[in-house]
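Pasted below: query.cif, mmCIF, C-alpha atoms.
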data_data
#
loop_
_atom_site.label_atom_id
_atom_site.label_comp_id
_atom_site.auth_asym_id
_atom_site.auth_seq_id
_atom_site.Cartn_x
_atom_site.Cartn_y
_atom_site.Cartn_z
CA MET A 1 54.78 -101.45 -20.07
CA GLU A 2 52.81 -102.30 -23.19
CA LYS A 3 50.06 -103.95 -21.09
CA LEU A 4 49.86 -100.82 -18.94
CA LEU A 5 49.63 -98.63 -22.00
CA ALA A 6 46.88 -100.82 -23.45
CA THR A 7 44.93 -100.62 -20.16
CA LEU A 8 45.23 -96.90 -20.11
CA LEU A 9 44.19 -96.53 -23.71
CA ALA A 10 41.13 -98.66 -23.01
CA LEU A 11 39.88 -95.95 -20.72
CA ILE A 12 40.01 -93.36 -23.42
CA ASP A 13 36.90 -92.34 -25.30
CA ASP A 14 38.73 -90.56 -28.09
CA GLU A 15 42.30 -91.65 -28.84
CA ASP A 16 42.90 -88.86 -31.31
CA ASP A 17 42.05 -86.24 -28.72
CA GLN A 18 44.36 -87.85 -26.21
CA ARG A 19 47.23 -87.88 -28.67
CA LYS A 20 46.60 -84.27 -29.51
CA PHE A 21 46.54 -83.27 -25.81
CA GLU A 22 49.82 -85.08 -25.28
CA ALA A 23 51.38 -83.52 -28.36
CA VAL A 24 50.38 -80.02 -27.23
CA TYR A 25 51.82 -80.66 -23.79
CA GLN A 26 55.11 -82.11 -25.05
CA THR A 27 55.53 -79.28 -27.58
CA TYR A 28 54.81 -76.40 -25.24
CA LYS A 29 55.57 -77.55 -21.68
CA HIS A 30 58.91 -75.78 -21.50
CA LEU A 31 57.38 -72.61 -22.90
CA MET A 32 54.64 -72.77 -20.27
CA PHE A 33 57.22 -73.01 -17.51
CA HIS A 34 59.08 -70.10 -19.11
CA VAL A 35 55.96 -67.92 -18.86
CA SER A 36 55.11 -69.04 -15.32
CA ASN A 37 58.67 -68.21 -14.25
CA ASP A 38 57.78 -64.50 -14.45
CA TYR A 39 55.06 -64.90 -11.83
CA PHE A 40 56.08 -67.65 -9.45
CA HIS A 41 59.27 -68.27 -7.55
CA THR A 42 59.04 -71.93 -6.55
CA GLN A 43 58.87 -74.99 -8.75
CA THR A 44 55.74 -76.18 -6.91
CA GLU A 45 53.89 -72.96 -7.70
CA ARG A 46 55.02 -73.08 -11.33
CA GLU A 47 53.88 -76.69 -11.68
CA ASP A 48 50.49 -75.87 -10.17
CA ALA A 49 50.12 -72.95 -12.56
CA VAL A 50 51.10 -75.03 -15.59
CA GLN A 51 48.66 -77.75 -14.59
CA GLU A 52 45.83 -75.26 -14.13
CA ALA A 53 46.64 -73.62 -17.46
CA PHE A 54 46.63 -76.99 -19.16
CA VAL A 55 43.15 -77.70 -17.76
CA ARG A 56 41.97 -74.42 -19.27
CA ILE A 57 43.62 -75.29 -22.57
CA ILE A 58 41.88 -78.68 -22.63
CA LYS A 59 38.54 -77.01 -22.00
CA ASN A 60 39.11 -74.76 -25.00
CA PHE A 61 40.68 -77.40 -27.19
CA SER A 62 38.35 -76.64 -30.08
CA LYS A 63 40.28 -73.38 -30.48
CA ILE A 64 43.49 -75.25 -31.26
CA GLY A 65 44.01 -76.19 -34.89
CA GLU A 66 47.48 -77.10 -36.00
CA ILE A 67 49.69 -77.85 -33.00
CA ASP A 68 52.98 -76.44 -34.22
CA CYS A 69 52.01 -72.99 -35.47
CA ALA A 70 52.32 -69.37 -34.35
CA GLN A 71 48.64 -69.00 -33.50
CA THR A 72 48.63 -72.07 -31.24
CA LYS A 73 51.89 -71.03 -29.62
CA ASN A 74 50.48 -67.59 -28.89
CA PHE A 75 47.27 -69.10 -27.53
CA ILE A 76 49.25 -71.28 -25.12
CA ILE A 77 51.18 -68.22 -23.92
CA LEU A 78 47.99 -66.19 -23.44
CA VAL A 79 46.32 -68.95 -21.45
CA MET A 80 49.44 -69.53 -19.37
CA ARG A 81 49.89 -65.85 -18.57
CA SER A 82 46.20 -65.32 -17.80
CA THR A 83 46.22 -68.35 -15.52
CA CYS A 84 49.25 -67.08 -13.61
CA ILE A 85 47.67 -63.67 -13.10
CA ASP A 86 44.36 -65.24 -12.10
CA LEU A 87 46.03 -67.53 -9.56
CA LEU A 88 47.96 -64.63 -8.07
CA ARG A 89 44.82 -62.53 -7.93
CA LYS A 90 42.84 -65.26 -6.20
CA ASP A 91 45.65 -65.87 -3.78
CA LYS A 92 45.88 -62.22 -2.73
CA GLU A 93 42.16 -61.39 -3.05
CA GLU A 94 43.37 -58.24 -4.74
CA VAL A 95 41.31 -55.70 -6.64
CA ASP A 96 43.08 -53.37 -9.03
CA VAL A 97 41.65 -49.86 -9.17
CA TYR A 98 42.25 -47.83 -12.28
CA PHE A 99 41.70 -44.13 -12.66
CA GLU A 100 40.00 -44.91 -15.99
CA ASP A 101 37.31 -47.00 -14.36
CA ILE A 102 34.22 -45.66 -16.04
CA SER A 103 33.18 -47.39 -19.24
CA ALA A 104 31.13 -46.51 -22.27
CA ASP A 105 29.20 -48.90 -24.51
CA THR A 106 30.69 -49.70 -27.93
CA PRO A 107 29.33 -51.81 -30.79
CA THR A 108 30.31 -55.47 -30.99
CA SER A 109 32.82 -56.66 -33.60
CA SER A 110 31.85 -57.80 -37.10
CA ARG A 111 32.99 -60.80 -39.17
CA LEU A 112 36.68 -60.85 -39.96
CA LYS A 113 38.05 -60.95 -43.48
CA PRO A 114 41.35 -62.69 -44.23
CA TYR A 115 42.91 -59.66 -45.93
CA VAL A 116 42.90 -55.98 -45.06
CA GLU A 117 44.32 -53.13 -47.03
CA ILE A 118 46.36 -50.62 -45.04
CA GLU A 119 45.23 -47.20 -46.21
CA ASN A 120 47.66 -45.17 -44.22
CA GLN A 121 50.96 -46.79 -43.24
CA GLU A 122 51.82 -44.06 -40.73
CA SER A 123 48.52 -44.49 -38.88
CA TYR A 124 48.98 -48.25 -38.93
CA GLU A 125 52.43 -47.90 -37.36
CA ARG A 126 50.88 -45.73 -34.65
CA LEU A 127 48.26 -48.42 -34.10
CA LEU A 128 50.96 -51.09 -33.68
CA HIS A 129 52.76 -48.86 -31.23
CA ALA A 130 49.51 -48.20 -29.34
CA ILE A 131 48.77 -51.93 -29.10
CA ASN A 132 52.24 -52.53 -27.68
CA ALA A 133 51.66 -49.72 -25.19
CA LEU A 134 48.45 -51.31 -23.88
CA PRO A 135 48.72 -53.05 -20.49
CA GLN A 136 49.58 -56.72 -20.88
CA ASN A 137 46.16 -57.90 -19.69
CA TYR A 138 44.47 -55.66 -22.30
CA ARG A 139 46.65 -57.06 -25.06
CA ASP A 140 45.97 -60.62 -23.97
CA VAL A 141 42.20 -60.11 -23.90
CA PHE A 142 42.30 -58.46 -27.32
CA MET A 143 44.28 -61.34 -28.80
CA LEU A 144 41.99 -63.95 -27.30
CA ARG A 145 39.01 -62.09 -28.72
CA TYR A 146 40.23 -61.03 -32.14
CA LEU A 147 42.93 -63.59 -33.01
CA ASN A 148 41.65 -66.72 -31.31
CA GLU A 149 38.01 -65.60 -31.76
CA LEU A 150 36.98 -66.71 -28.30
CA SER A 151 33.59 -65.75 -26.96
CA LEU A 152 33.44 -63.43 -23.96
CA THR A 153 32.41 -66.36 -21.77
CA GLN A 154 35.40 -68.39 -22.93
CA ILE A 155 37.68 -65.46 -22.15
CA THR A 156 36.26 -65.26 -18.62
CA GLU A 157 37.03 -68.97 -18.16
CA ILE A 158 40.62 -68.57 -19.31
CA THR A 159 41.47 -65.31 -17.59
CA GLY A 160 39.33 -65.62 -14.47
CA LEU A 161 38.11 -62.06 -15.05
CA ASN A 162 34.38 -61.49 -14.84
CA LEU A 163 32.28 -60.55 -17.84
CA PRO A 164 31.90 -56.83 -16.98
CA ASN A 165 35.69 -56.56 -16.65
CA ILE A 166 36.27 -58.23 -20.00
CA LYS A 167 33.76 -55.91 -21.66
CA LYS A 168 35.35 -52.90 -20.03
CA ILE A 169 38.82 -53.92 -21.20
CA LEU A 170 37.60 -54.36 -24.77
CA GLN A 171 35.65 -51.10 -24.75
CA ARG A 172 38.35 -48.98 -23.17
CA GLY A 173 41.14 -50.60 -25.19
CA ARG A 174 39.28 -50.13 -28.44
CA LYS A 175 38.55 -46.51 -27.61
CA LYS A 176 42.26 -45.89 -26.94
CA LEU A 177 43.27 -47.54 -30.18
CA SER A 178 40.59 -45.68 -32.18
CA ASN A 179 41.79 -42.37 -30.75
CA THR A 180 45.31 -43.23 -31.88
CA LEU A 181 44.15 -43.57 -35.47
CA LYS A 182 42.29 -40.27 -35.32
CA GLU A 183 45.41 -38.30 -34.23
CA MET B 1 41.49 -44.26 -40.87
CA GLU B 2 38.78 -46.16 -39.03
CA LEU B 3 39.57 -48.97 -36.58
CA THR B 4 37.76 -51.88 -38.19
CA ASP B 5 37.84 -55.43 -36.82
CA GLU B 6 39.89 -56.48 -39.84
CA LEU B 7 42.50 -53.79 -39.21
CA LEU B 8 42.62 -54.68 -35.53
CA HIS B 9 43.02 -58.37 -36.37
CA ALA B 10 45.89 -57.63 -38.77
CA ALA B 11 47.66 -55.37 -36.28
CA LEU B 12 47.26 -57.83 -33.42
CA HIS B 13 48.58 -60.60 -35.65
CA GLN B 14 51.67 -58.56 -36.42
CA VAL B 15 52.20 -57.76 -32.73
CA MET B 16 51.77 -61.45 -31.90
CA LEU B 17 54.45 -62.46 -34.44
CA SER B 18 56.84 -59.83 -33.06
CA GLU B 19 56.35 -61.09 -29.52
CA LEU B 20 56.86 -64.71 -30.54
CA GLU B 21 60.11 -63.80 -32.31
CA GLU B 22 61.52 -62.54 -29.03
CA LEU B 23 61.02 -65.86 -27.26
CA PRO B 24 63.97 -68.20 -26.69
CA SER B 25 64.27 -71.20 -29.01
CA GLN B 26 62.72 -74.56 -28.13
CA GLU B 27 66.18 -75.95 -27.33
CA GLU B 28 66.99 -73.06 -24.99
CA LEU B 29 63.66 -73.43 -23.23
CA ALA B 30 64.14 -77.18 -22.77
CA GLU B 31 67.58 -76.53 -21.26
CA ARG B 32 66.43 -73.71 -18.97
CA TYR B 33 63.23 -75.36 -17.79
CA PRO B 34 63.69 -79.10 -17.45
CA VAL B 35 60.43 -80.84 -16.57
CA SER B 36 60.48 -83.77 -14.16
CA ARG B 37 59.04 -87.13 -15.17
CA ARG B 38 56.84 -86.92 -12.07
CA PHE B 39 55.20 -83.78 -13.47
CA ASP B 40 54.90 -85.35 -16.91
CA ARG B 41 53.02 -88.25 -15.33
CA ARG B 42 50.80 -85.78 -13.45
CA ILE B 43 49.76 -84.10 -16.70
CA MET B 44 49.27 -87.43 -18.48
CA GLY B 45 47.01 -88.44 -15.60
CA LEU B 46 45.08 -85.22 -16.10
CA ILE B 47 44.65 -85.98 -19.80
CA ARG B 48 43.44 -89.48 -19.07
CA GLU B 49 40.97 -88.16 -16.51
CA GLU B 50 39.58 -85.73 -19.07
CA GLU B 51 39.06 -88.68 -21.38
CA ARG B 52 37.53 -91.10 -18.84
CA SER B 53 33.81 -91.82 -18.77
CA PRO B 54 31.96 -89.69 -16.21
CA PHE B 55 31.18 -92.80 -14.12
CA THR B 56 34.80 -93.89 -13.90
CA SER B 57 35.93 -90.36 -13.03
CA LYS B 58 33.32 -90.10 -10.25
CA LEU B 59 34.23 -93.51 -8.84
CA ILE B 60 37.90 -92.65 -8.61
CA ARG B 61 37.19 -89.18 -7.22
CA TYR B 62 34.87 -90.45 -4.44
CA SER B 63 37.26 -93.24 -3.50
CA LYS B 64 40.02 -90.69 -2.99
CA ARG B 65 37.70 -88.45 -0.96
CA ALA B 66 36.62 -91.34 1.27
CA ALA B 67 40.25 -92.24 1.95
CA MET B 68 41.09 -88.61 2.80
CA PHE B 69 38.05 -88.35 5.10
CA PHE B 70 39.05 -91.37 7.17
CA LEU B 71 42.62 -90.16 7.39
CA ALA B 72 41.46 -86.71 8.59
CA LEU B 73 39.17 -88.36 11.16
CA LEU B 74 42.05 -90.35 12.54
CA VAL B 75 44.33 -87.31 12.82
CA THR B 76 41.59 -85.20 14.46
CA ALA B 77 40.80 -87.85 17.03
CA PHE B 78 44.48 -88.16 17.94
CA THR B 79 44.91 -84.36 18.18
CA ALA B 80 41.81 -83.93 20.35
CA VAL B 81 43.08 -86.45 22.83
CA MET B 82 46.65 -85.08 22.95
CA SER B 83 46.10 -81.21 22.89
CA VAL B 84 44.21 -78.47 24.71
CA GLN B 85 41.67 -76.55 22.62
CA ALA B 86 42.87 -72.97 21.97
CA ALA B 87 40.57 -69.94 22.25
CA ARG B 88 39.73 -68.25 18.92
CA GLU B 89 39.94 -64.47 18.75
CA TRP B 90 38.22 -62.14 16.40
CA LEU B 91 40.99 -60.36 14.43
CA ILE B 92 40.38 -57.49 12.10
CA GLY B 93 43.28 -55.36 11.06
CA ILE B 94 43.73 -52.54 8.69
CA PHE B 95 46.96 -52.19 6.77
CA THR B 96 47.98 -49.33 4.58
CA GLY B 97 51.20 -49.44 2.60
CA MET B 98 52.80 -46.73 0.52
CA PHE B 99 54.87 -47.74 -2.49
CA ASN B 100 56.49 -45.81 -5.26
CA THR B 101 53.89 -46.54 -7.91
CA HIS B 102 51.03 -48.20 -6.07
CA THR B 103 49.16 -47.59 -2.88
CA GLU B 104 47.28 -50.34 -1.14
CA ILE B 105 44.54 -50.47 1.39
CA ALA B 106 43.75 -53.88 2.78
CA ILE B 107 41.58 -55.34 5.45
CA ASN B 108 41.95 -58.80 6.89
CA GLN B 109 38.67 -60.40 7.70
CA THR B 110 37.79 -63.52 9.56
CA LYS B 111 35.97 -66.16 7.63
CA SER B 112 32.72 -65.47 9.53
CA ALA B 113 32.75 -61.81 8.38
CA LYS B 114 33.08 -62.91 4.77
CA ASP B 115 30.09 -65.21 5.22
CA GLN B 116 27.79 -62.34 6.18
CA PRO B 117 25.23 -61.14 3.62
CA PHE B 118 26.30 -58.14 1.56
CA LEU B 119 24.83 -54.84 2.82
CA GLY B 120 24.82 -52.14 0.15
CA TYR B 121 25.67 -48.55 1.05
CA LEU B 122 24.26 -45.50 -0.74
CA PRO B 123 25.24 -41.85 -0.30
CA GLU B 124 22.81 -39.37 1.20
CA VAL B 125 24.70 -36.45 -0.35
CA ILE B 126 25.42 -36.11 -4.08
CA PRO B 127 26.70 -32.93 -5.79
CA GLU B 128 24.03 -30.78 -7.42
CA GLY B 129 23.27 -31.60 -11.02
CA TYR B 130 24.13 -35.31 -10.75
CA ILE B 131 21.57 -38.08 -11.25
CA GLN B 132 21.85 -41.77 -10.51
CA THR B 133 22.10 -43.80 -13.74
CA SER B 134 22.66 -47.32 -12.42
CA TYR B 135 23.07 -49.41 -9.29
CA THR B 136 24.21 -53.03 -9.49
CA VAL B 137 24.68 -55.43 -6.59
CA ASN B 138 26.48 -58.75 -7.03
CA GLU B 139 25.76 -60.91 -4.01
CA LYS B 140 27.92 -63.79 -5.24
CA HIS B 141 31.06 -61.65 -5.40
CA LYS B 142 29.84 -59.35 -2.60
CA MET B 143 30.27 -56.08 -4.45
CA SER B 144 28.21 -53.19 -5.78
CA ILE B 145 28.65 -50.51 -8.43
CA LEU B 146 26.79 -47.20 -8.32
CA LYS B 147 26.98 -44.62 -11.13
CA TYR B 148 25.99 -40.99 -11.29
CA GLU B 149 26.17 -38.69 -14.30
CA GLU B 150 25.92 -34.96 -14.54
CA GLU B 151 22.75 -33.89 -16.34
CA ASP B 152 24.69 -32.05 -19.03
CA GLY B 153 26.91 -35.14 -19.53
CA SER B 154 30.11 -33.42 -18.49
CA GLY B 155 30.85 -35.34 -15.30
CA GLU B 156 30.62 -38.90 -13.95
CA ILE B 157 30.93 -40.43 -10.50
CA LEU B 158 31.45 -44.15 -9.88
CA ILE B 159 31.15 -45.62 -6.39
CA ARG B 160 32.23 -49.20 -5.75
CA GLN B 161 31.87 -51.30 -2.63
CA TYR B 162 33.71 -54.60 -2.01
CA SER B 163 33.67 -57.10 0.80
CA GLY B 164 37.14 -57.87 2.10
CA GLY B 165 40.48 -58.28 0.31
CA ARG B 166 42.80 -55.56 -0.85
CA LEU B 167 42.45 -52.45 -3.03
CA LYS B 168 45.49 -51.42 -5.02
CA VAL B 169 45.55 -48.21 -7.02
CA ASP B 170 48.16 -46.99 -9.47
CA THR B 171 49.19 -43.70 -7.94
CA GLU B 172 52.26 -43.12 -10.11
CA GLY B 173 52.19 -39.50 -11.23
CA ALA B 174 49.17 -38.78 -9.03
CA ARG B 175 48.93 -36.20 -6.27
CA LYS B 176 48.12 -38.04 -3.04
CA GLU B 177 46.65 -36.74 0.20
CA THR B 178 45.20 -38.13 3.38
CA ALA B 179 41.48 -37.72 3.97
CA TRP B 180 39.17 -38.71 6.80
CA VAL B 181 36.05 -40.79 6.31
CA TRP B 182 33.97 -42.13 9.21
CA GLY B 183 36.75 -41.04 11.55
CA GLU B 184 39.35 -43.21 9.82
CA GLU B 185 42.22 -42.38 7.52
CA ALA B 186 41.40 -42.59 3.82
CA LEU B 187 43.40 -42.09 0.63
CA TYR B 188 42.66 -39.27 -1.80
CA ALA B 189 44.47 -39.05 -5.15
CA GLU B 190 44.22 -36.84 -8.22
CA LYS B 191 45.52 -37.63 -11.69
CA LYS B 192 44.79 -35.33 -14.61
CA GLU B 193 41.03 -34.70 -14.55
CA ARG B 194 40.23 -37.76 -12.37
CA GLN B 195 39.95 -38.09 -8.63
CA ILE B 196 39.85 -41.16 -6.42
CA LEU B 197 38.90 -41.55 -2.77
CA LEU B 198 39.50 -44.94 -1.10
CA TRP B 199 38.42 -45.88 2.39
CA THR B 200 37.40 -48.88 4.42
CA ASP B 201 35.60 -50.01 7.54
CA SER B 202 35.85 -53.35 9.27
CA LEU B 203 33.75 -55.14 6.67
CA TYR B 204 33.91 -53.29 3.37
CA GLN B 205 36.19 -51.34 1.07
CA PHE B 206 34.92 -48.39 -0.91
CA TYR B 207 36.21 -46.17 -3.61
CA ILE B 208 34.81 -43.21 -5.48
CA ILE B 209 36.15 -42.21 -8.90
CA ALA B 210 35.08 -38.85 -10.25
CA ILE B 211 35.64 -37.59 -13.79
CA ASP B 212 34.76 -33.96 -13.61
CA GLY B 213 37.70 -31.84 -12.68
CA GLU B 214 35.40 -29.43 -10.88
CA LEU B 215 34.58 -31.50 -7.82
CA THR B 216 36.69 -30.73 -4.78
CA LYS B 217 38.30 -33.20 -2.41
CA SER B 218 35.86 -31.94 0.27
CA GLU B 219 32.90 -32.79 -1.93
CA LEU B 220 34.15 -36.35 -2.45
CA VAL B 221 34.77 -36.72 1.27
CA GLU B 222 31.28 -35.40 1.96
CA ILE B 223 29.81 -38.02 -0.38
CA ALA B 224 31.82 -40.75 1.35
CA ASN B 225 30.87 -39.64 4.85
CA SER B 226 27.18 -39.56 3.89
CA MET B 227 27.12 -43.24 2.78
CA GLN B 228 24.57 -45.26 4.72
CA ILE B 229 23.26 -48.80 4.60
CA GLN B 230 20.24 -48.56 2.33
CA VAL B 231 19.84 -51.89 0.64
CA GLN B 232 20.08 -55.47 1.87
CA ALA B 233 21.15 -57.58 -1.10
CA GLU B 234 18.87 -60.59 -1.65
#

File written out as structure tokens:
Amino acid sequence: MEKLLATLLALIDDEDDQRKFEAVYQTYKHLMFHVSNDYFHTQTEREDAVQEAFVRIIKNFSKIGEIDCAQTKNFIILVMRSTCIDLLRKDKEEVDVYFEDISADTPTSSRLKPYVEIENQESYERLLHAINALPQNYRDVFMLRYLNELSLTQITEITGLNLPNIKKILQRGRKKLSNTLKE
Amino acid sequence: MELTDELLHAALHQVMLSELEELPSQEELAERYPVSRRFDRRIMGLIREEERSPFTSKLIRYSKRAAMFFLALLVTAFTAVMSVQAAREWLIGIFTGMFNTHTEIAINQTKSAKDQPFLGYLPEVIPEGYIQTSYTVNEKHKMSILKYEEEDGSGEILIRQYSGGRLKVDTEGARKETAWVWGEEALYAEKKERQILLWTDSLYQFYIIAIDGELTKSELVEIANSMQIQVQAE
């Protein structure tokens, strides 16, 4: 067993990366199956989805800092959920049509500061409620963009959505949330 | 209060924490979703492949492909000798399903239909006062998007064309009616100030979304019926 392990390790370019990959997998594998359980009914489908999600996680490994933290846990969930939806979409060749399918251009986001002062608690509560009321795919894209600070291209790789769709989601979602604050 | 990126970040962070709190504990998850050692080995293999040198990865990949090729050749040769070749029929079907919250229109295409070049359609008839603002064709995904805006900015029309697959529209709370485009049944729906018309032929699916409130169903149907092949995508 030790000889086998040594042979395997010899193939690795970066041992630290491999250990980190393994640690992420061991920490979150059950959670990944938990998420995939909402979308797939057979163990084979769930395993395929988890594997595909893990590939996407590996490709965006630079976005993972500490392994056992809320941000990483949330990132794993977002990638897992997006992968499941993407696999289902590809399988059915399905196009979702929304009544709100016409977009408007909005400015891109600015640098984030670590602390923000809430001027109006009531408006902030409305904002939280509005975020929770967004469709799941909107919320996921927003979190990948604003919490995990992924580029639009990285979001397309994780979600399988094309760039115009990602932009539309961000524009329309932001408009909805802005309108909530103005009420 | 303005929606700044900082405010959005803080709110999303709070929502994220709330969602994570609702998840089962690690112990519960491990009990509910046991993972087989076979799958563990599969993922470990994936990790090792990600870490291999490109040459080693290629060598292993091509060896596997060569083995699969020879196996497929053997099976094909055996099948050809033992069975009679079946005739292949061209099958295109249209399926429309009505559900409580969603309505679907789907067409099943043969592979050869999907391989055809994308032919863009444009309408000959557009309501007075509208001007074309953009037309985008994506040959890779075999789709197009056409936009019109009313000159005074009060109305918009979006026309999309797709090749194959299924269109699903959220019709919950919408008023639905049947319409007729190119002699075939189409779906018309209204929701608040927006209108949608979906239809299909043997190769493409189309939908028009109008934000105006003043366009009639007849006008949308007229637009749809006037669509002609105008552009061959390069």

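The residue set within 8 Å of range 14-24 of chain B, counting all atoms listed in the file and dropping same-chain residues fewer than 5 places from it, reads A:Ala70, A:Asn74, A:Leu128, A:Ile131, A:Asn132, B:Leu29.
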
Store the residues of this selection in a file with C-alpha atoms, as a short mmCIF file (atom, residue, chain, number, x, y, z; two decimals), in the frame of the given file.
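Result written to part07.cif:
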data_model
loop_
_atom_site.label_atom_id
_atom_site.label_comp_id
_atom_site.auth_asym_id
_atom_site.auth_seq_id
_atom_site.Cartn_x
_atom_site.Cartn_y
_atom_site.Cartn_z
CA ALA A 70 52.32 -69.37 -34.35
CA ASN A 74 50.48 -67.59 -28.89
CA LEU A 128 50.96 -51.09 -33.68
CA ILE A 131 48.77 -51.93 -29.10
CA ASN A 132 52.24 -52.53 -27.68
CA LEU B 29 63.66 -73.43 -23.23
#

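Nearest to Gln51 in chain A of all the residues A:Tyr39, A:Phe142, A:Tyr124, A:Tyr25 is A:Tyr25, counting all atoms listed in the file.
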
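Using all atoms listed in the file, the contacts of Lys176 in chain B at a cut-off of 10 Å, with sequence neighbours closer than 5 positions omitted, comprise Thr103, Thr171, Leu187, Tyr188, Ala189, Glu190, Lys191, Gln195, Ile196 and Leu197 of chain B.
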
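Going from CA of Phe206 in chain B to CA of Thr159 in chain A covers 24.6 Å.
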
Pairwise distance, CA of Asp38 in chain A with CA of Ile85 in chain A, equals 10.2 Å

Since I can't run it myself right now, could you work out what the PyMOL selection byres ((chain B and resi 192) around 10) selects here and report it as a PyMOL selection string?
(chain A and resi 99) or (chain B and resi 173-175+190-191+193-195+211+213)

Incomplete range 170-182 of chain A filled out to N, CA, C and O atoms as a PDB file, in the coordinates of the input:
ATOM      1  N   LEU A 170      37.752 -54.452 -23.310  1.00  0.00           N
ATOM      2  CA  LEU A 170      37.600 -54.360 -24.770  1.00  0.00           C
ATOM      3  C   LEU A 170      37.122 -52.963 -25.172  1.00  0.00           C
ATOM      4  O   LEU A 170      37.610 -52.395 -26.152  1.00  0.00           O
ATOM      5  N   GLN A 171      36.181 -52.418 -24.399  1.00  0.00           N
ATOM      6  CA  GLN A 171      35.650 -51.100 -24.750  1.00  0.00           C
ATOM      7  C   GLN A 171      36.704 -50.020 -24.589  1.00  0.00           C
ATOM      8  O   GLN A 171      36.926 -49.199 -25.478  1.00  0.00           O
ATOM      9  N   ARG A 172      37.359 -50.018 -23.430  1.00  0.00           N
ATOM     10  CA  ARG A 172      38.350 -48.980 -23.170  1.00  0.00           C
ATOM     11  C   ARG A 172      39.555 -49.116 -24.101  1.00  0.00           C
ATOM     12  O   ARG A 172      40.078 -48.128 -24.631  1.00  0.00           O
ATOM     13  N   GLY A 173      39.981 -50.365 -24.320  1.00  0.00           N
ATOM     14  CA  GLY A 173      41.140 -50.600 -25.190  1.00  0.00           C
ATOM     15  C   GLY A 173      40.834 -50.155 -26.610  1.00  0.00           C
ATOM     16  O   GLY A 173      41.660 -49.491 -27.255  1.00  0.00           O
ATOM     17  N   ARG A 174      39.658 -50.496 -27.083  1.00  0.00           N
ATOM     18  CA  ARG A 174      39.280 -50.130 -28.440  1.00  0.00           C
ATOM     19  C   ARG A 174      39.197 -48.619 -28.604  1.00  0.00           C
ATOM     20  O   ARG A 174      39.616 -48.074 -29.629  1.00  0.00           O
ATOM     21  N   LYS A 175      38.662 -47.980 -27.581  1.00  0.00           N
ATOM     22  CA  LYS A 175      38.550 -46.510 -27.610  1.00  0.00           C
ATOM     23  C   LYS A 175      39.942 -45.882 -27.707  1.00  0.00           C
ATOM     24  O   LYS A 175      40.188 -44.976 -28.512  1.00  0.00           O
ATOM     25  N   LYS A 176      40.879 -46.414 -26.913  1.00  0.00           N
ATOM     26  CA  LYS A 176      42.260 -45.890 -26.940  1.00  0.00           C
ATOM     27  C   LYS A 176      42.865 -46.075 -28.316  1.00  0.00           C
ATOM     28  O   LYS A 176      43.515 -45.172 -28.867  1.00  0.00           O
ATOM     29  N   LEU A 177      42.671 -47.244 -28.885  1.00  0.00           N
ATOM     30  CA  LEU A 177      43.270 -47.540 -30.180  1.00  0.00           C
ATOM     31  C   LEU A 177      42.616 -46.692 -31.285  1.00  0.00           C
ATOM     32  O   LEU A 177      43.294 -46.201 -32.184  1.00  0.00           O
ATOM     33  N   SER A 178      41.296 -46.514 -31.187  1.00  0.00           N
ATOM     34  CA  SER A 178      40.590 -45.680 -32.180  1.00  0.00           C
ATOM     35  C   SER A 178      41.114 -44.248 -32.134  1.00  0.00           C
ATOM     36  O   SER A 178      41.329 -43.620 -33.172  1.00  0.00           O
ATOM     37  N   ASN A 179      41.296 -43.750 -30.901  1.00  0.00           N
ATOM     38  CA  ASN A 179      41.790 -42.370 -30.750  1.00  0.00           C
ATOM     39  C   ASN A 179      43.171 -42.219 -31.362  1.00  0.00           C
ATOM     40  O   ASN A 179      43.514 -41.172 -31.906  1.00  0.00           O
ATOM     41  N   THR A 180      43.962 -43.264 -31.297  1.00  0.00           N
ATOM     42  CA  THR A 180      45.310 -43.230 -31.880  1.00  0.00           C
ATOM     43  C   THR A 180      45.231 -43.022 -33.393  1.00  0.00           C
ATOM     44  O   THR A 180      46.008 -42.260 -33.963  1.00  0.00           O
ATOM     45  N   LEU A 181      44.278 -43.683 -34.014  1.00  0.00           N
ATOM     46  CA  LEU A 181      44.150 -43.570 -35.470  1.00  0.00           C
ATOM     47  C   LEU A 181      43.630 -42.202 -35.884  1.00  0.00           C
ATOM     48  O   LEU A 181      43.913 -41.726 -36.980  1.00  0.00           O
ATOM     49  N   LYS A 182      42.879 -41.572 -34.977  1.00  0.00           N
ATOM     50  CA  LYS A 182      42.290 -40.270 -35.320  1.00  0.00           C
ATOM     51  C   LYS A 182      43.287 -39.123 -35.172  1.00  0.00           C
ATOM     52  O   LYS A 182      43.043 -38.023 -35.629  1.00  0.00           O
TER      53      LYS A 182
END
